[in-house]
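Asks: Encoded as structure tokens, here's the structure I'll be asking about.
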Amino acid sequence: MSEGISTLERHLVIGAGPVGLAMAAALKRHGIPFDLVDSASGVGGNWLHGVYRHAHIVSSRKATEYTDYPMPADYPDFPSADQMLAYLTAFAADRGLLASSEFNKSVASASPDSSGNWNVKFADGEERKYKGVVVCNGHHWDKRYPKFRGHFAGEMLHSKDYVGPEQLQDKRVLVIGGGNSGVDMACDAGRFGRACDISLQTGYWYLPKTFLGRPLTDIPIWGLPIFLQRAILKSIIAVSIGDYRRYGLQKPNHKIFDRHPAFGTDLLNAIRLGRVNPRPAIDHVDGNTVTFVDGTTGEYDLIVAATGFNTSFPFLRDGLVKVKDGAVQVYGGAFPAGIRGLYIVGWAQARNGFGRLITPLADLYARMITLQDELTLPLGTLMESSFTQRLPTTHLVDPEKSRREIRLAHWILPLLKLRDRRLARKQRLKSGKRRLTARA
């Protein structure tokens with residue numbers, strides 16, 4: 001915990017994963033006092049406690065590293081979970097963040113008071129009052145399970161709880177979900193289990209991790225308009241993969257990036273090798289027997305739910321920050337309307353790696369948090385009044401488009417002061433009229 005400065009002058013950063021560390025580093029760079037807390041035993045977030053140790057990132061090293069802190073040159077194109085954890089640990093140490101950090105410290109509740117400060121209560125019973133709260137609690141922890149008719153008599157395992165192949169040994173496995181985690185689970189189960197099927201409700205876009213000897217996330221297409229990105233990627237898929245239906249998979253019924261694509265062709269190779277058998281969606285379950293919507297059945301000992309996560313903030317009171325279809329209803333990616341001193345950062349997912357986006361974004365947010373001291377109204381309220389700002393409809397972010405918007409935002413920040421004075425004046429006039437009416 002930061003020493004010598006009252007918590008009323010500090011912000012609390014919740015979460016020491018990649019986003020929380022980036023925000024803490026930006027706050028420190030701008031001279032904003034903070035405390036950084038995490039319920040885990042150290043920094044790293046999902047890379048410390050949320051992935052199996054033989055996992056690798058699906059975006060490249062260059063697309064994932066902080067722009068102001070390159071990964072070691074001897075790292076491979078797709079570093080492992082242990083390498084990612086070592087990288088984030090080194091970043092926290094080199095940026096001097098550990099002195100302001102507390103671990104095994106879980107936030108039970110955070111709520112604003114009438115003076116605009118934030119009352120924070122921790123799970124160990126300690127209470128503090130902060131100037132503001134920066135929420136970086138991530139989006140890979142609140143497990144979402146599949147819903148189906150009937151009762152499964154075997155074992156149910158969420159992909160987040162997967163540790164290693166020993167959990168699959170000699171078991172008939174059904175994996176539900178075809179994203180990156182589902183692919184890894186199915187490939188492991190196909191190698192180490194007795195048998196493996198994968199149930200997909202709809203078709204997925206599977207992109208090769210490399211093309212022409214380079215990681216796909218490093219080829220120079222990501223700054224192009226979205227329709228050109230899609231056209232180029234579909235051409236790459238046609239050349240390197242072909243029609244998904246040749247693998248027994250469904251054809252996607254959505255455009256690339258309307259949902260998060262899966263990177264890698266491991267699942268397609270496992271299907272060709274006969275290790276994994278594709279299945280459609282589940283109709284119902286009875287004991288160990290699963291019946292699919294096409295009428296076929298299968299017997300399973302273990303169901304692996306690779307069905308993703310909910311976006312949630314259990315330490316905030318219900319209704320304080322709304323989530324619609326996985327998108328947090330905040331302006332500018334972090335600022336809820338009508339709430340001063342609350343910033344929700346890192347809930348969205350960049351399409352091709354967080355590194356190119358999070359460093360400049362954290363720097364912008366730190367500037368805006370400093371600016372809030374000069375404003376009468378909350379930042380989110382000012383942004384809500386702008387015709388250029390809209391609430392998000394998806395959790396997927398185009399990194400290059402966001403980078404362009406960040407560069408523009410630095411130039412227009414002074415306009416927020418003008419808007420603040422104008423709106424504050426209107427509110428005072430309305431308040432005065434109400435008082436006159438009440439007296440009359």
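In the structure tokens, the first chain shown is A, the next is B, and so on; residue numbers restart at 1 for each chain, and ligands run from 1 in the order shown.
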Quick one: residues within 9 Å of A:Lys28, only C-alpha atoms, excluding same-chain residues fewer than 3 positions away - as a VMD selection string?

Replies: chain A and resid 23 to 25 31 to 34 95 to 97 366

Asks: If we count only C-alpha atoms and set the cut-off at 10 Å, which residues sit around A:Thr265, ignoring sequence neighbours fewer than 5 positions away in its own chain? Please answer as a list in words.

Replies: Val183, Tyr206, Leu207, Pro208, Lys209, Thr210, Ser240, Ile241 and Ala270 of chain A

Asks: Once you have the residues from the selection above, write them out as a compact mmCIF listing (two decimals), in the first residue's frame, restricted to N, CA and C atoms.

Replies:
```txt
# COMPACT_ATOMS: atom_id res chain seq x y z
N VAL A 183 -10.94 -25.55 -28.43
CA VAL A 183 -10.01 -26.23 -29.34
C VAL A 183 -8.91 -26.93 -28.56
N TYR A 206 -12.30 -20.24 -38.00
CA TYR A 206 -10.99 -20.70 -37.56
C TYR A 206 -9.94 -20.07 -38.47
N LEU A 207 -9.04 -19.27 -37.88
CA LEU A 207 -8.01 -18.57 -38.64
C LEU A 207 -6.66 -19.24 -38.39
N PRO A 208 -5.83 -19.38 -39.40
CA PRO A 208 -4.48 -19.94 -39.16
C PRO A 208 -3.68 -18.99 -38.29
N LYS A 209 -2.86 -19.52 -37.41
CA LYS A 209 -2.05 -18.66 -36.54
C LYS A 209 -0.91 -18.01 -37.32
N THR A 210 -0.49 -18.64 -38.42
CA THR A 210 0.58 -18.07 -39.24
C THR A 210 0.16 -18.08 -40.70
N SER A 240 -5.54 -21.71 -47.32
CA SER A 240 -4.80 -22.53 -46.35
C SER A 240 -5.65 -23.57 -45.65
N ILE A 241 -6.98 -23.38 -45.61
CA ILE A 241 -7.86 -24.29 -44.88
C ILE A 241 -8.91 -24.91 -45.78
N ALA A 270 -6.81 -32.36 -35.80
CA ALA A 270 -7.26 -33.45 -34.94
C ALA A 270 -8.46 -34.18 -35.55
```

Asks: Of the candidates A:Arg317, A:His140, A:Arg356, A:Arg390, which one gets nearest to A:Gln329 if we count only C-alpha atoms?

Replies: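 Residue with the minimum atom-to-atom distance to A:Gln329: A:Arg390.
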
Asks: Please determine, counting only C-alpha atoms, which residue among A:Glu9, A:Asp325, A:Glu384, A:Asp38 has the shortest atom-to-atom distance to A:Phe309.

Replies: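 Closest residue, counting only C-alpha atoms: A:Asp325.
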
Asks: Would you list the contacts of stretch 412-421 of chain A as a PyMOL selection string, taking every protein, DNA or RNA residue within 10 Å and counting only C-alpha atoms, but skipping same-chain residues closer than 2 positions in sequence?

Replies: chain A and resi 364+367-368+371-372+374-379+381-383+385-386+407-410+423-427

Asks: Just write the chosen residues, N, CA and C atoms, as a PDB file, in the first residue's frame.

Replies:
```pdb
ATOM      1  N   LEU A 364      -4.121   7.544 -21.936  1.00  0.00           N
ATOM      2  CA  LEU A 364      -5.251   8.449 -22.121  1.00  0.00           C
ATOM      3  C   LEU A 364      -6.149   8.464 -20.889  1.00  0.00           C
ATOM      4  N   ARG A 367      -4.746  10.494 -18.074  1.00  0.00           N
ATOM      5  CA  ARG A 367      -4.945  11.935 -18.308  1.00  0.00           C
ATOM      6  C   ARG A 367      -6.382  12.345 -17.978  1.00  0.00           C
ATOM      7  N   MET A 368      -7.335  11.493 -18.344  1.00  0.00           N
ATOM      8  CA  MET A 368      -8.741  11.821 -18.092  1.00  0.00           C
ATOM      9  C   MET A 368      -9.062  11.766 -16.606  1.00  0.00           C
ATOM     10  N   LEU A 371      -7.936  14.938 -15.300  1.00  0.00           N
ATOM     11  CA  LEU A 371      -8.856  15.990 -15.737  1.00  0.00           C
ATOM     12  C   LEU A 371     -10.128  16.025 -14.895  1.00  0.00           C
ATOM     13  N   GLN A 372     -10.567  14.873 -14.392  1.00  0.00           N
ATOM     14  CA  GLN A 372     -11.804  14.819 -13.614  1.00  0.00           C
ATOM     15  C   GLN A 372     -11.780  15.777 -12.432  1.00  0.00           C
ATOM     16  N   GLU A 374     -10.791  18.726 -12.407  1.00  0.00           N
ATOM     17  CA  GLU A 374     -11.102  20.077 -12.865  1.00  0.00           C
ATOM     18  C   GLU A 374     -12.544  20.213 -13.342  1.00  0.00           C
ATOM     19  N   LEU A 375     -13.307  19.124 -13.283  1.00  0.00           N
ATOM     20  CA  LEU A 375     -14.650  19.114 -13.830  1.00  0.00           C
ATOM     21  C   LEU A 375     -15.695  19.052 -12.720  1.00  0.00           C
ATOM     22  N   THR A 376     -16.842  19.638 -12.987  1.00  0.00           N
ATOM     23  CA  THR A 376     -17.961  19.569 -12.046  1.00  0.00           C
ATOM     24  C   THR A 376     -18.732  18.266 -12.196  1.00  0.00           C
ATOM     25  N   LEU A 377     -18.931  17.833 -13.431  1.00  0.00           N
ATOM     26  CA  LEU A 377     -19.725  16.645 -13.722  1.00  0.00           C
ATOM     27  C   LEU A 377     -18.832  15.437 -13.974  1.00  0.00           C
ATOM     28  N   PRO A 378     -19.358  14.226 -13.803  1.00  0.00           N
ATOM     29  CA  PRO A 378     -18.583  13.027 -14.113  1.00  0.00           C
ATOM     30  C   PRO A 378     -18.224  12.962 -15.592  1.00  0.00           C
ATOM     31  N   LEU A 379     -17.081  12.395 -15.901  1.00  0.00           N
ATOM     32  CA  LEU A 379     -16.639  12.270 -17.289  1.00  0.00           C
ATOM     33  C   LEU A 379     -17.675  11.540 -18.135  1.00  0.00           C
ATOM     34  N   THR A 381     -20.860  11.418 -17.825  1.00  0.00           N
ATOM     35  CA  THR A 381     -22.011  12.283 -18.101  1.00  0.00           C
ATOM     36  C   THR A 381     -21.702  13.249 -19.231  1.00  0.00           C
ATOM     37  N   LEU A 382     -20.493  13.803 -19.236  1.00  0.00           N
ATOM     38  CA  LEU A 382     -20.098  14.708 -20.311  1.00  0.00           C
ATOM     39  C   LEU A 382     -20.037  13.980 -21.647  1.00  0.00           C
ATOM     40  N   MET A 383     -19.541  12.765 -21.637  1.00  0.00           N
ATOM     41  CA  MET A 383     -19.439  12.002 -22.881  1.00  0.00           C
ATOM     42  C   MET A 383     -20.822  11.556 -23.361  1.00  0.00           C
ATOM     43  N   SER A 385     -23.440  13.276 -23.242  1.00  0.00           N
ATOM     44  CA  SER A 385     -24.091  14.416 -23.885  1.00  0.00           C
ATOM     45  C   SER A 385     -23.545  14.705 -25.277  1.00  0.00           C
ATOM     46  N   SER A 386     -22.477  14.004 -25.679  1.00  0.00           N
ATOM     47  CA  SER A 386     -21.873  14.234 -26.986  1.00  0.00           C
ATOM     48  C   SER A 386     -22.537  13.365 -28.044  1.00  0.00           C
ATOM     49  N   ARG A 407      -5.638   8.781 -30.350  1.00  0.00           N
ATOM     50  CA  ARG A 407      -4.828   9.932 -30.780  1.00  0.00           C
ATOM     51  C   ARG A 407      -5.701  11.181 -30.923  1.00  0.00           C
ATOM     52  N   LEU A 408      -6.891  11.006 -31.462  1.00  0.00           N
ATOM     53  CA  LEU A 408      -7.804  12.141 -31.614  1.00  0.00           C
ATOM     54  C   LEU A 408      -8.272  12.648 -30.250  1.00  0.00           C
ATOM     55  N   ALA A 409      -8.521  11.721 -29.317  1.00  0.00           N
ATOM     56  CA  ALA A 409      -9.045  12.101 -28.003  1.00  0.00           C
ATOM     57  C   ALA A 409      -8.087  13.029 -27.259  1.00  0.00           C
ATOM     58  N   HIS A 410      -6.783  12.823 -27.421  1.00  0.00           N
ATOM     59  CA  HIS A 410      -5.825  13.700 -26.739  1.00  0.00           C
ATOM     60  C   HIS A 410      -5.997  15.153 -27.170  1.00  0.00           C
ATOM     61  N   LEU A 423     -22.837  22.519 -19.320  1.00  0.00           N
ATOM     62  CA  LEU A 423     -23.828  21.640 -18.701  1.00  0.00           C
ATOM     63  C   LEU A 423     -24.030  21.973 -17.225  1.00  0.00           C
ATOM     64  N   ALA A 424     -22.946  22.311 -16.532  1.00  0.00           N
ATOM     65  CA  ALA A 424     -23.068  22.675 -15.111  1.00  0.00           C
ATOM     66  C   ALA A 424     -23.927  23.930 -14.963  1.00  0.00           C
ATOM     67  N   ARG A 425     -23.764  24.897 -15.897  1.00  0.00           N
ATOM     68  CA  ARG A 425     -24.563  26.121 -15.852  1.00  0.00           C
ATOM     69  C   ARG A 425     -26.038  25.793 -16.080  1.00  0.00           C
ATOM     70  N   LYS A 426     -26.322  24.895 -17.030  1.00  0.00           N
ATOM     71  CA  LYS A 426     -27.710  24.497 -17.291  1.00  0.00           C
ATOM     72  C   LYS A 426     -28.328  23.835 -16.068  1.00  0.00           C
ATOM     73  N   GLN A 427     -27.533  22.975 -15.409  1.00  0.00           N
ATOM     74  CA  GLN A 427     -28.054  22.300 -14.227  1.00  0.00           C
ATOM     75  C   GLN A 427     -28.347  23.285 -13.104  1.00  0.00           C
TER      76      GLN A 427
END
```

Asks: What residues in stretch 269-348 of chain A get the DSSP label alpha helix (DSSP H)? Please answer as a list in words.

Replies: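 In stretch 269-348 of chain A, DSSP puts these residues in alpha helix (DSSP H): Asn269, Ala270, Ile271 and Arg272 of chain A.
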
Asks: How about saving the chosen residues, all heavy atoms kept, as a CSV table (one decimal), in the first residue's frame?

Replies:
```
chain,number,residue,atom,x,y,z
A,269,ASN,N,-6.8,-30.3,-37.7
A,269,ASN,CA,-5.9,-31.4,-37.9
A,269,ASN,C,-6.3,-32.6,-37.0
A,269,ASN,O,-6.2,-33.8,-37.5
A,269,ASN,CB,-4.5,-31.0,-37.4
A,269,ASN,CG,-3.9,-29.9,-38.3
A,269,ASN,OD1,-4.3,-29.8,-39.5
A,269,ASN,ND2,-3.1,-29.1,-37.8
A,270,ALA,N,-6.8,-32.4,-35.8
A,270,ALA,CA,-7.3,-33.5,-34.9
A,270,ALA,C,-8.5,-34.2,-35.5
A,270,ALA,O,-8.6,-35.4,-35.4
A,270,ALA,CB,-7.6,-32.9,-33.5
A,271,ILE,N,-9.3,-33.4,-36.2
A,271,ILE,CA,-10.5,-34.1,-36.9
A,271,ILE,C,-10.0,-34.9,-38.0
A,271,ILE,O,-10.5,-36.1,-38.2
A,271,ILE,CB,-11.5,-33.0,-37.4
A,271,ILE,CG1,-12.1,-32.3,-36.2
A,271,ILE,CG2,-12.5,-33.6,-38.3
A,271,ILE,CD1,-12.9,-31.1,-36.6
A,272,ARG,N,-9.0,-34.4,-38.8
A,272,ARG,CA,-8.5,-35.2,-39.9
A,272,ARG,C,-7.8,-36.5,-39.4
A,272,ARG,O,-7.8,-37.5,-40.1
A,272,ARG,CB,-7.5,-34.4,-40.7
A,272,ARG,CG,-8.1,-33.3,-41.6
A,272,ARG,CD,-8.9,-33.9,-42.7
A,272,ARG,NE,-9.3,-33.0,-43.7
A,272,ARG,CZ,-10.3,-33.1,-44.5
A,272,ARG,NH1,-11.1,-34.2,-44.4
A,272,ARG,NH2,-10.6,-32.2,-45.5
```

Asks: Choose the residue, out of A:Lys171, A:Arg191, A:Lys251, A:Lys234, that has the smallest atom-to-atom separation from A:Tyr204; count only C-alpha atoms.

Replies: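 Smallest distance to A:Tyr204 is found for A:Lys251.
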
Asks: Residues of stretch 164-225 of chain A classed as strand (DSSP E or B) by DSSP on the backbone are to be reported as an MDAnalysis selection string.

Replies: chainID A and resid 172:176 195:199 206:207 210:211 214:215

Asks: Neighbours of stretch 99-113 of chain A within 10 Å (only C-alpha atoms; same-chain residues fewer than 4 positions away dropped), as a tab-separated table (two decimals) with N, CA, C and O atoms, in the first residue's frame?

Replies:
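around11.tsv written:
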```tsv
chain	number	residue	atom	x	y	z
A	1	MET	N	0.84	-1.19	0.00
A	1	MET	CA	0.00	0.00	0.00
A	1	MET	C	0.88	1.25	0.00
A	1	MET	O	1.93	1.29	0.63
A	2	SER	N	0.48	2.27	-0.76
A	2	SER	CA	1.23	3.52	-0.81
A	2	SER	C	1.28	4.15	0.57
A	2	SER	O	0.28	4.24	1.27
A	3	GLU	N	2.45	4.60	0.95
A	3	GLU	CA	2.64	5.17	2.29
A	3	GLU	C	2.70	6.70	2.20
A	3	GLU	O	3.12	7.27	1.21
A	13	VAL	N	-6.86	0.56	-7.69
A	13	VAL	CA	-6.88	-0.25	-8.90
A	13	VAL	C	-7.17	-1.69	-8.49
A	13	VAL	O	-6.40	-2.28	-7.71
A	14	ILE	N	-8.26	-2.24	-8.98
A	14	ILE	CA	-8.67	-3.61	-8.63
A	14	ILE	C	-8.27	-4.54	-9.75
A	14	ILE	O	-8.81	-4.48	-10.86
A	15	GLY	N	-7.31	-5.42	-9.49
A	15	GLY	CA	-6.87	-6.40	-10.47
A	15	GLY	C	-5.46	-6.14	-10.95
A	15	GLY	O	-5.14	-5.05	-11.43
A	16	ALA	N	-4.58	-7.14	-10.82
A	16	ALA	CA	-3.18	-7.00	-11.21
A	16	ALA	C	-2.84	-7.87	-12.41
A	16	ALA	O	-1.75	-8.43	-12.51
A	24	ALA	N	-1.95	0.88	-13.65
A	24	ALA	CA	-1.14	1.30	-12.51
A	24	ALA	C	0.13	2.03	-12.99
A	24	ALA	O	0.52	3.06	-12.43
A	28	LYS	N	1.04	5.97	-12.26
A	28	LYS	CA	2.31	6.36	-11.64
A	28	LYS	C	3.05	7.36	-12.52
A	28	LYS	O	3.62	8.34	-12.03
A	33	PRO	N	-1.52	9.11	-7.24
A	33	PRO	CA	-1.31	8.08	-6.21
A	33	PRO	C	-2.36	6.97	-6.33
A	33	PRO	O	-3.52	7.22	-6.64
A	34	PHE	N	-1.94	5.74	-6.05
A	34	PHE	CA	-2.85	4.61	-6.18
A	34	PHE	C	-2.42	3.47	-5.27
A	34	PHE	O	-1.26	3.39	-4.83
A	35	ASP	N	-3.37	2.60	-5.00
A	35	ASP	CA	-3.10	1.27	-4.45
A	35	ASP	C	-3.56	0.25	-5.47
A	35	ASP	O	-4.60	0.44	-6.12
A	36	LEU	N	-2.82	-0.82	-5.61
A	36	LEU	CA	-3.17	-1.91	-6.52
A	36	LEU	C	-3.42	-3.17	-5.70
A	36	LEU	O	-2.55	-3.58	-4.92
A	37	VAL	N	-4.61	-3.75	-5.82
A	37	VAL	CA	-4.93	-4.96	-5.04
A	37	VAL	C	-5.37	-6.07	-5.98
A	37	VAL	O	-5.91	-5.83	-7.06
A	38	ASP	N	-5.13	-7.30	-5.55
A	38	ASP	CA	-5.57	-8.47	-6.31
A	38	ASP	C	-5.84	-9.60	-5.32
A	38	ASP	O	-5.13	-9.75	-4.31
A	39	SER	N	-6.87	-10.38	-5.63
A	39	SER	CA	-7.24	-11.47	-4.74
A	39	SER	C	-6.28	-12.65	-4.85
A	39	SER	O	-6.29	-13.53	-3.98
A	40	ALA	N	-5.45	-12.67	-5.90
A	40	ALA	CA	-4.49	-13.76	-6.08
A	40	ALA	C	-3.21	-13.48	-5.30
A	40	ALA	O	-3.06	-12.44	-4.65
A	41	SER	N	-2.26	-14.40	-5.43
A	41	SER	CA	-1.02	-14.30	-4.64
A	41	SER	C	0.04	-13.44	-5.29
A	41	SER	O	1.11	-13.23	-4.71
A	42	GLY	N	-0.21	-12.94	-6.51
A	42	GLY	CA	0.78	-12.11	-7.18
A	42	GLY	C	0.19	-11.50	-8.44
A	42	GLY	O	-1.02	-11.59	-8.70
A	43	VAL	N	1.04	-10.86	-9.23
A	43	VAL	CA	0.58	-10.25	-10.47
A	43	VAL	C	0.39	-11.32	-11.55
A	43	VAL	O	0.86	-12.45	-11.42
A	92	ALA	N	5.95	-5.43	-13.76
A	92	ALA	CA	5.54	-4.85	-12.47
A	92	ALA	C	6.75	-4.43	-11.64
A	92	ALA	O	6.74	-3.37	-11.00
A	93	ALA	N	7.80	-5.25	-11.66
A	93	ALA	CA	9.00	-4.93	-10.89
A	93	ALA	C	9.73	-3.74	-11.49
A	93	ALA	O	10.13	-2.80	-10.79
A	117	ASN	N	-16.60	10.44	-2.73
A	117	ASN	CA	-15.54	9.47	-2.49
A	117	ASN	C	-16.11	8.06	-2.53
A	117	ASN	O	-17.32	7.86	-2.62
A	118	TRP	N	-15.21	7.06	-2.42
A	118	TRP	CA	-15.63	5.67	-2.54
A	118	TRP	C	-15.28	4.89	-1.28
A	118	TRP	O	-14.12	4.88	-0.84
A	119	ASN	N	-16.31	4.28	-0.70
A	119	ASN	CA	-16.11	3.41	0.46
A	119	ASN	C	-15.83	1.99	-0.04
A	119	ASN	O	-16.64	1.40	-0.75
A	120	VAL	N	-14.69	1.48	0.35
A	120	VAL	CA	-14.28	0.15	-0.10
A	120	VAL	C	-14.12	-0.76	1.11
A	120	VAL	O	-13.43	-0.42	2.07
A	121	LYS	N	-14.79	-1.90	1.04
A	121	LYS	CA	-14.68	-2.90	2.09
A	121	LYS	C	-14.04	-4.15	1.51
A	121	LYS	O	-14.44	-4.61	0.44
A	122	PHE	N	-13.05	-4.67	2.22
A	122	PHE	CA	-12.34	-5.85	1.76
A	122	PHE	C	-12.87	-7.10	2.44
A	122	PHE	O	-13.53	-7.03	3.49
A	123	ALA	N	-12.57	-8.24	1.84
A	123	ALA	CA	-13.08	-9.51	2.36
A	123	ALA	C	-12.54	-9.80	3.75
A	123	ALA	O	-13.18	-10.55	4.52
A	124	ASP	N	-11.38	-9.25	4.11
A	124	ASP	CA	-10.83	-9.48	5.45
A	124	ASP	C	-11.43	-8.54	6.50
A	124	ASP	O	-11.01	-8.55	7.66
A	125	GLY	N	-12.41	-7.72	6.09
A	125	GLY	CA	-13.09	-6.83	7.03
A	125	GLY	C	-12.56	-5.41	7.06
A	125	GLY	O	-13.21	-4.51	7.62
A	126	GLU	N	-11.41	-5.17	6.48
A	126	GLU	CA	-10.83	-3.82	6.48
A	126	GLU	C	-11.67	-2.89	5.59
A	126	GLU	O	-12.17	-3.30	4.54
A	127	GLU	N	-11.79	-1.63	6.01
A	127	GLU	CA	-12.52	-0.64	5.23
A	127	GLU	C	-11.63	0.57	4.98
A	127	GLU	O	-10.87	1.00	5.85
A	128	ARG	N	-11.72	1.10	3.76
A	128	ARG	CA	-10.97	2.29	3.40
A	128	ARG	C	-11.86	3.22	2.58
A	128	ARG	O	-12.85	2.78	2.00
A	129	LYS	N	-11.44	4.47	2.47
A	129	LYS	CA	-12.17	5.45	1.67
A	129	LYS	C	-11.20	5.98	0.62
A	129	LYS	O	-10.13	6.51	0.95
A	130	TYR	N	-11.58	5.83	-0.67
A	130	TYR	CA	-10.71	6.23	-1.76
A	130	TYR	C	-11.32	7.37	-2.58
A	130	TYR	O	-12.54	7.58	-2.58
A	131	LYS	N	-10.45	8.06	-3.30
A	131	LYS	CA	-10.89	9.13	-4.20
A	131	LYS	C	-11.64	8.56	-5.39
A	131	LYS	O	-12.60	9.15	-5.89
A	132	GLY	N	-11.19	7.41	-5.88
A	132	GLY	CA	-11.82	6.78	-7.03
A	132	GLY	C	-11.42	5.32	-7.12
A	132	GLY	O	-10.50	4.86	-6.42
A	133	VAL	N	-12.11	4.59	-7.98
A	133	VAL	CA	-11.87	3.15	-8.14
A	133	VAL	C	-11.71	2.84	-9.63
A	133	VAL	O	-12.56	3.21	-10.44
A	313	PHE	N	-19.29	-7.63	-12.00
A	313	PHE	CA	-18.59	-6.83	-10.99
A	313	PHE	C	-19.28	-7.04	-9.65
A	313	PHE	O	-20.09	-6.19	-9.22
A	314	PRO	N	-19.03	-8.14	-8.98
A	314	PRO	CA	-19.80	-8.50	-7.79
A	314	PRO	C	-19.63	-7.55	-6.61
A	314	PRO	O	-20.45	-7.54	-5.69
A	315	PHE	N	-18.58	-6.73	-6.65
A	315	PHE	CA	-18.36	-5.80	-5.54
A	315	PHE	C	-19.08	-4.47	-5.75
A	315	PHE	O	-19.05	-3.60	-4.87
A	316	LEU	N	-19.72	-4.29	-6.92
A	316	LEU	CA	-20.53	-3.10	-7.15
A	316	LEU	C	-22.00	-3.46	-6.96
A	316	LEU	O	-22.42	-4.56	-7.32
A	317	ARG	N	-22.78	-2.55	-6.41
A	317	ARG	CA	-24.19	-2.86	-6.18
A	317	ARG	C	-24.91	-3.06	-7.51
A	317	ARG	O	-24.55	-2.47	-8.53
A	320	LEU	N	-25.60	-0.52	-10.72
A	320	LEU	CA	-24.70	0.64	-10.78
A	320	LEU	C	-24.05	0.74	-12.16
A	320	LEU	O	-23.97	1.82	-12.74
A	339	ILE	N	-21.75	8.76	-12.65
A	339	ILE	CA	-20.96	8.23	-11.53
A	339	ILE	C	-19.57	8.83	-11.57
A	339	ILE	O	-18.83	8.63	-12.54
A	340	ARG	N	-19.22	9.53	-10.54
A	340	ARG	CA	-17.90	10.17	-10.47
A	340	ARG	C	-16.90	9.24	-9.78
A	340	ARG	O	-17.21	8.62	-8.76
A	341	GLY	N	-15.71	9.13	-10.37
A	341	GLY	CA	-14.64	8.38	-9.71
A	341	GLY	C	-14.66	6.89	-9.95
A	341	GLY	O	-13.93	6.16	-9.29
A	342	LEU	N	-15.48	6.40	-10.90
A	342	LEU	CA	-15.52	4.98	-11.20
A	342	LEU	C	-15.12	4.79	-12.66
A	342	LEU	O	-15.69	5.40	-13.56
```

Asks: Leaving out A:Asp243 and any residue of its chain fewer than 3 positions from it, which residues lie within 12 Å of it when counting only C-alpha atoms, given as a short mmCIF file (atom, residue, chain, number, x, y, z; two decimals) with N, CA, C and O atoms, in the first residue's frame?

Replies:
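What ended up in out_12.cif:
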```
data_model
loop_
_atom_site.label_atom_id
_atom_site.label_comp_id
_atom_site.auth_asym_id
_atom_site.auth_seq_id
_atom_site.Cartn_x
_atom_site.Cartn_y
_atom_site.Cartn_z
N GLY A 203 -21.46 -22.45 -36.38
CA GLY A 203 -20.14 -22.49 -36.98
C GLY A 203 -19.21 -21.42 -36.41
O GLY A 203 -19.66 -20.38 -35.94
N TYR A 204 -17.92 -21.71 -36.42
CA TYR A 204 -16.89 -20.77 -35.96
C TYR A 204 -15.98 -20.42 -37.13
O TYR A 204 -15.81 -21.21 -38.06
N TRP A 205 -15.38 -19.24 -37.04
CA TRP A 205 -14.31 -18.89 -37.95
C TRP A 205 -12.99 -19.32 -37.33
O TRP A 205 -12.61 -18.85 -36.26
N TYR A 206 -12.30 -20.24 -38.00
CA TYR A 206 -10.99 -20.70 -37.56
C TYR A 206 -9.94 -20.07 -38.47
O TYR A 206 -9.94 -20.29 -39.69
N LYS A 234 -10.74 -14.09 -45.49
CA LYS A 234 -11.50 -15.16 -46.16
C LYS A 234 -10.67 -15.77 -47.27
O LYS A 234 -10.74 -16.99 -47.52
N SER A 235 -9.87 -14.97 -47.96
CA SER A 235 -9.00 -15.50 -49.01
C SER A 235 -7.91 -16.38 -48.41
O SER A 235 -7.59 -17.45 -48.95
N ILE A 236 -7.36 -15.94 -47.27
CA ILE A 236 -6.34 -16.75 -46.59
C ILE A 236 -6.93 -18.08 -46.15
O ILE A 236 -6.31 -19.15 -46.29
N ILE A 237 -8.15 -18.05 -45.61
CA ILE A 237 -8.82 -19.28 -45.18
C ILE A 237 -9.06 -20.20 -46.37
O ILE A 237 -8.82 -21.42 -46.29
N ALA A 238 -9.51 -19.65 -47.48
CA ALA A 238 -9.79 -20.47 -48.66
C ALA A 238 -8.53 -21.17 -49.16
O ALA A 238 -8.59 -22.33 -49.59
N VAL A 239 -7.39 -20.47 -49.09
CA VAL A 239 -6.14 -21.04 -49.60
C VAL A 239 -5.54 -22.04 -48.62
O VAL A 239 -5.08 -23.12 -49.01
N SER A 240 -5.54 -21.71 -47.32
CA SER A 240 -4.80 -22.53 -46.35
C SER A 240 -5.65 -23.57 -45.65
O SER A 240 -5.11 -24.56 -45.12
N ARG A 246 -15.81 -29.51 -45.06
CA ARG A 246 -15.01 -30.69 -45.40
C ARG A 246 -14.44 -31.37 -44.16
O ARG A 246 -13.99 -32.51 -44.22
N TYR A 247 -14.44 -30.64 -43.05
CA TYR A 247 -13.97 -31.21 -41.79
C TYR A 247 -15.13 -31.68 -40.92
O TYR A 247 -14.91 -32.08 -39.76
N GLY A 248 -16.33 -31.61 -41.45
CA GLY A 248 -17.50 -31.99 -40.67
C GLY A 248 -18.02 -30.88 -39.79
O GLY A 248 -18.87 -31.12 -38.92
N LEU A 249 -17.52 -29.66 -40.00
CA LEU A 249 -17.94 -28.51 -39.20
C LEU A 249 -19.01 -27.71 -39.93
O LEU A 249 -19.13 -27.79 -41.15
N GLN A 250 -19.74 -26.93 -39.17
CA GLN A 250 -20.77 -26.09 -39.77
C GLN A 250 -20.15 -24.84 -40.39
O GLN A 250 -19.12 -24.34 -39.93
N LYS A 251 -20.79 -24.34 -41.42
CA LYS A 251 -20.37 -23.09 -42.02
C LYS A 251 -20.79 -21.95 -41.11
O LYS A 251 -21.93 -21.91 -40.65
N PRO A 252 -19.90 -20.99 -40.80
CA PRO A 252 -20.29 -19.88 -39.92
C PRO A 252 -21.46 -19.10 -40.50
O PRO A 252 -21.52 -18.85 -41.71
N LEU A 268 -8.79 -28.69 -36.61
CA LEU A 268 -9.01 -29.24 -37.94
C LEU A 268 -8.07 -30.42 -38.18
O LEU A 268 -8.48 -31.44 -38.77
#
```
